[in-house]
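K.L.:
File name my_file-v6.pdb; file contents PDB, C-alpha atoms; full text below.
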ATOM      1  CA  PRO F 274     113.365  49.631 143.807
ATOM      2  CA  LYS F 275     111.794  53.051 143.483
ATOM      3  CA  ALA F 276     109.591  53.821 140.524
ATOM      4  CA  VAL F 277     111.015  56.406 138.182
ATOM      5  CA  ALA F 278     108.512  58.896 136.842
ATOM      6  CA  ALA F 279     108.559  59.284 133.104
ATOM      7  CA  ALA F 280     109.856  62.639 131.968
ATOM      8  CA  GLU F 281     107.229  64.923 130.515
ATOM      9  CA  PRO F 282     107.799  65.928 126.913
ATOM     10  CA  ALA F 283     109.309  69.382 126.618
ATOM     11  CA  ALA F 284     106.920  72.088 125.486
ATOM     12  CA  LYS F 285     107.527  73.153 121.903
ATOM     13  CA  MET F 286     109.090  76.566 121.698
ATOM     14  CA  GLN F 287     107.488  78.896 119.217
ATOM     15  CA  LYS F 288     109.664  80.942 116.938
ATOM     16  CA  PRO F 289     109.494  84.640 117.742
ATOM     17  CA  ARG F 290     107.501  86.654 115.242
ATOM     18  CA  ARG F 291     109.233  89.272 113.218
ATOM     19  CA  THR F 292     108.658  92.696 114.658
ATOM     20  CA  ARG F 293     109.361  94.542 111.427
ATOM     21  CA  SER F 294     106.285  96.354 110.271
ATOM     22  CA  ARG F 295     105.093  95.794 106.722
ATOM     23  CA  THR F 296     104.115  99.451 106.475
ATOM     24  CA  ALA F 297     107.691 100.502 107.196
ATOM     25  CA  ALA F 298     108.810  98.676 104.057
ATOM     26  CA  LYS F 299     106.237 100.597 102.001
ATOM     27  CA  THR F 300     107.299 104.021 103.235
ATOM     28  CA  GLY F 301     111.078 103.871 102.900
ATOM     29  CA  PRO F 302     113.028 105.497 100.096
ATOM     30  CA  GLY F 303     113.393 104.132  96.598
ATOM     31  CA  THR F 304     115.733 104.863  93.715
ATOM     32  CA  ILE F 305     115.090 106.287  90.258
ATOM     33  CA  ASP F 306     117.702 106.095  87.497
ATOM     34  CA  LEU F 307     116.669 109.028  85.301
ATOM     35  CA  VAL F 308     118.026 109.246  81.764
ATOM     36  CA  THR F 309     117.140 111.543  78.884
ATOM     37  CA  SER F 310     117.433 111.058  75.150
ATOM     38  CA  GLY F 311     117.864 114.034  72.873
ATOM     39  CA  GLY F 312     120.244 115.872  75.206
ATOM     40  CA  TRP F 313     120.997 116.552  78.840
ATOM     41  CA  ALA F 314     118.742 118.336  81.279
ATOM     42  CA  GLU F 315     118.730 119.818  84.765
ATOM     43  CA  VAL F 316     116.348 118.012  87.118
ATOM     44  CA  TYR F 317     114.211 119.996  89.561
ATOM     45  CA  LYS F 318     111.828 118.897  92.298
ATOM     46  CA  GLY F 319     109.886 122.018  93.120
ATOM     47  CA  LYS F 320     112.454 124.829  93.134
ATOM     48  CA  LYS F 321     115.287 122.545  94.236
ATOM     49  CA  LEU F 322     117.896 121.596  91.635
ATOM     50  CA  LEU F 323     118.680 117.891  92.018
ATOM     51  CA  GLY F 324     121.393 117.831  89.333
ATOM     52  CA  GLY F 325     121.846 117.017  85.675
ATOM     53  CA  THR F 326     120.954 113.904  83.712
ATOM     54  CA  PRO F 327     121.748 111.096  83.763
ATOM     55  CA  ARG F 328     120.969 111.076  87.469
ATOM     56  CA  ARG F 329     120.312 108.496  90.185
ATOM     57  CA  LEU F 330     117.768 109.898  92.642
ATOM     58  CA  THR F 331     116.839 108.510  96.043
ATOM     59  CA  LEU F 332     113.364 109.755  96.939
ATOM     60  CA  PRO F 333     110.684 108.833  99.480
ATOM     61  CA  ALA F 334     108.154 106.273  98.273
ATOM     62  CA  GLY F 335     105.229 107.854  96.452
ATOM     63  CA  ARG F 336     104.483 110.020  93.435
ATOM     64  CA  HIS F 337     106.805 112.911  92.582
ATOM     65  CA  LYS F 338     106.647 115.738  90.056
ATOM     66  CA  LEU F 339     109.984 116.471  88.405
ATOM     67  CA  VAL F 340     110.762 119.241  85.934
ATOM     68  CA  LEU F 341     113.462 118.638  83.337
ATOM     69  CA  LYS F 342     115.007 121.791  81.878
ATOM     70  CA  PRO F 343     117.073 120.968  78.771
ATOM     71  CA  PHE F 344     120.537 122.508  78.454
ATOM     72  CA  GLY F 345     120.529 124.968  75.574
ATOM     73  CA  GLU F 346     117.245 125.176  73.695
ATOM     74  CA  GLY F 347     114.053 123.342  74.457
ATOM     75  CA  LYS F 348     110.988 123.637  76.617
ATOM     76  CA  PRO F 349     110.972 122.319  80.188
ATOM     77  CA  LYS F 350     109.284 118.946  80.479
ATOM     78  CA  VAL F 351     107.207 117.864  83.478
ATOM     79  CA  VAL F 352     107.289 114.177  84.393
ATOM     80  CA  PHE F 353     105.583 112.310  87.208
ATOM     81  CA  VAL F 354     107.455 109.353  88.662
ATOM     82  CA  THR F 355     106.220 106.782  91.140
ATOM     83  CA  VAL F 356     108.882 105.626  93.576
ATOM     84  CA  GLU F 357     108.491 102.243  95.260
ATOM     85  CA  ALA F 358     110.124 101.722  98.643
ATOM     86  CA  ASN F 359     113.373  99.762  98.581
ATOM     87  CA  LYS F 360     113.248  99.335  94.796
ATOM     88  CA  ARG F 361     115.110 100.778  91.822
ATOM     89  CA  LYS F 362     113.392 101.892  88.634
ATOM     90  CA  LYS F 363     114.765 103.219  85.343
ATOM     91  CA  VAL F 364     112.937 106.209  83.869
ATOM     92  CA  SER F 365     113.742 107.371  80.338
ATOM     93  CA  VAL F 366     112.456 110.717  79.052
ATOM     94  CA  ARG F 367     112.640 111.985  75.469
ATOM     95  CA  LEU F 368     113.542 115.672  75.247
ATOM     96  CA  GLU F 369     112.337 117.742  72.291
TER      97      GLU F 369
END
When written as structure tokens, how does the structure in this file appear?
P.N.:
Amino acid sequence: PKAVAAAEPAAKMQKPRRTRSRTAAKTGPGTIDLVTSGGWAEVYKGKKLLGGTPRRLTLPAGRHKLVLKPFGEGKPKVVFVTVEANKRKKVSVRLE
């Protein structure tokens, strides 16, 4: 009888690494739910009107300066919001 060679153990296959970059997750857009107490306001980013409150805004990750101009009487209010990529945050602003 012929000798049968023992089969070699199969090499372990490694799982492929994820190719998604961690930095991509930090730079995507995020969402702000902006509400005001004491009345409604128009929301501006720079000179661009984004709409009235309450407002859901999707903005790039980072720090943003928004100007809230109350309907009727009241002084405009400047607020700085920090948007986190792929996250939602509620921002409440008291109007005077």
K.L.:
Suppose you want the space between atom CA of F:Val354 and atom CA of F:Gly312; what is it in Å?
P.N.:
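For atom CA of F:Val354 relative to atom CA of F:Gly312, the distance reads 19.7 Å.
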K.L.:
Might I get the box with edges along x, y and z of the file that holds all atoms of stretch 303-320 of chain F listed there, padded by 5 Å on every side, given as centre and edge lengths in Å to one decimal, as lines of an AutoDock Vina configuration file?
P.N.:
center_x = 115.4
center_y = 114.5
center_z = 84.7
size_x = 21.1
size_y = 30.7
size_z = 33.7
K.L.:
Enumerate, as an mmCIF file with C-alpha atoms, in the coordinates of the input, the residues matched when the PyMOL selection byres ((chain F and resi 336-349) around 10) is run on the file above.
P.N.:
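Ended up saving to selection27.cif:
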data_model
loop_
_atom_site.group_PDB
_atom_site.id
_atom_site.type_symbol
_atom_site.label_atom_id
_atom_site.label_comp_id
_atom_site.auth_asym_id
_atom_site.auth_seq_id
_atom_site.Cartn_x
_atom_site.Cartn_y
_atom_site.Cartn_z
ATOM 1 C CA THR F 309 117.140 111.543 78.884
ATOM 2 C CA GLY F 311 117.864 114.034 72.873
ATOM 3 C CA GLY F 312 120.244 115.872 75.206
ATOM 4 C CA TRP F 313 120.997 116.552 78.840
ATOM 5 C CA ALA F 314 118.742 118.336 81.279
ATOM 6 C CA GLU F 315 118.730 119.818 84.765
ATOM 7 C CA VAL F 316 116.348 118.012 87.118
ATOM 8 C CA TYR F 317 114.211 119.996 89.561
ATOM 9 C CA LYS F 318 111.828 118.897 92.298
ATOM 10 C CA GLY F 319 109.886 122.018 93.120
ATOM 11 C CA LYS F 320 112.454 124.829 93.134
ATOM 12 C CA LYS F 321 115.287 122.545 94.236
ATOM 13 C CA LEU F 322 117.896 121.596 91.635
ATOM 14 C CA LEU F 323 118.680 117.891 92.018
ATOM 15 C CA GLY F 324 121.393 117.831 89.333
ATOM 16 C CA GLY F 325 121.846 117.017 85.675
ATOM 17 C CA THR F 326 120.954 113.904 83.712
ATOM 18 C CA LEU F 332 113.364 109.755 96.939
ATOM 19 C CA PRO F 333 110.684 108.833 99.480
ATOM 20 C CA ALA F 334 108.154 106.273 98.273
ATOM 21 C CA GLY F 335 105.229 107.854 96.452
ATOM 22 C CA LYS F 350 109.284 118.946 80.479
ATOM 23 C CA VAL F 351 107.207 117.864 83.478
ATOM 24 C CA VAL F 352 107.289 114.177 84.393
ATOM 25 C CA PHE F 353 105.583 112.310 87.208
ATOM 26 C CA VAL F 354 107.455 109.353 88.662
ATOM 27 C CA THR F 355 106.220 106.782 91.140
ATOM 28 C CA VAL F 356 108.882 105.626 93.576
ATOM 29 C CA GLU F 357 108.491 102.243 95.260
ATOM 30 C CA VAL F 366 112.456 110.717 79.052
ATOM 31 C CA LEU F 368 113.542 115.672 75.247
ATOM 32 C CA GLU F 369 112.337 117.742 72.291
#
K.L.:
Selected by the PyMOL selection byres ((chain F and resi 365) around 10) in the shown coordinates: which residues, as a VMD selection string?
P.N.:
chain F and resid 306 to 310 327 362 to 364 366 to 368
K.L.:
Quick one: apply the PyMOL selection byres ((chain F and resi 361) around 6) to the file and drop the selected residues here as a short mmCIF file (atom, residue, chain, number, x, y, z; two decimals) with C-alpha atoms, in the frame of the given file.
P.N.:
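part.cif written:
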data_model
loop_
_atom_site.label_atom_id
_atom_site.label_comp_id
_atom_site.auth_asym_id
_atom_site.auth_seq_id
_atom_site.Cartn_x
_atom_site.Cartn_y
_atom_site.Cartn_z
CA THR F 304 115.73 104.86 93.72
CA ILE F 305 115.09 106.29 90.26
CA LYS F 360 113.25 99.34 94.80
CA LYS F 362 113.39 101.89 88.63
#
K.L.:
Quick one: residues within 6 Å of F:Ala358, all atoms listed in the file, excluding same-chain residues fewer than 3 positions away - as number ranges by chain?
P.N.:
F: 299-303, 334
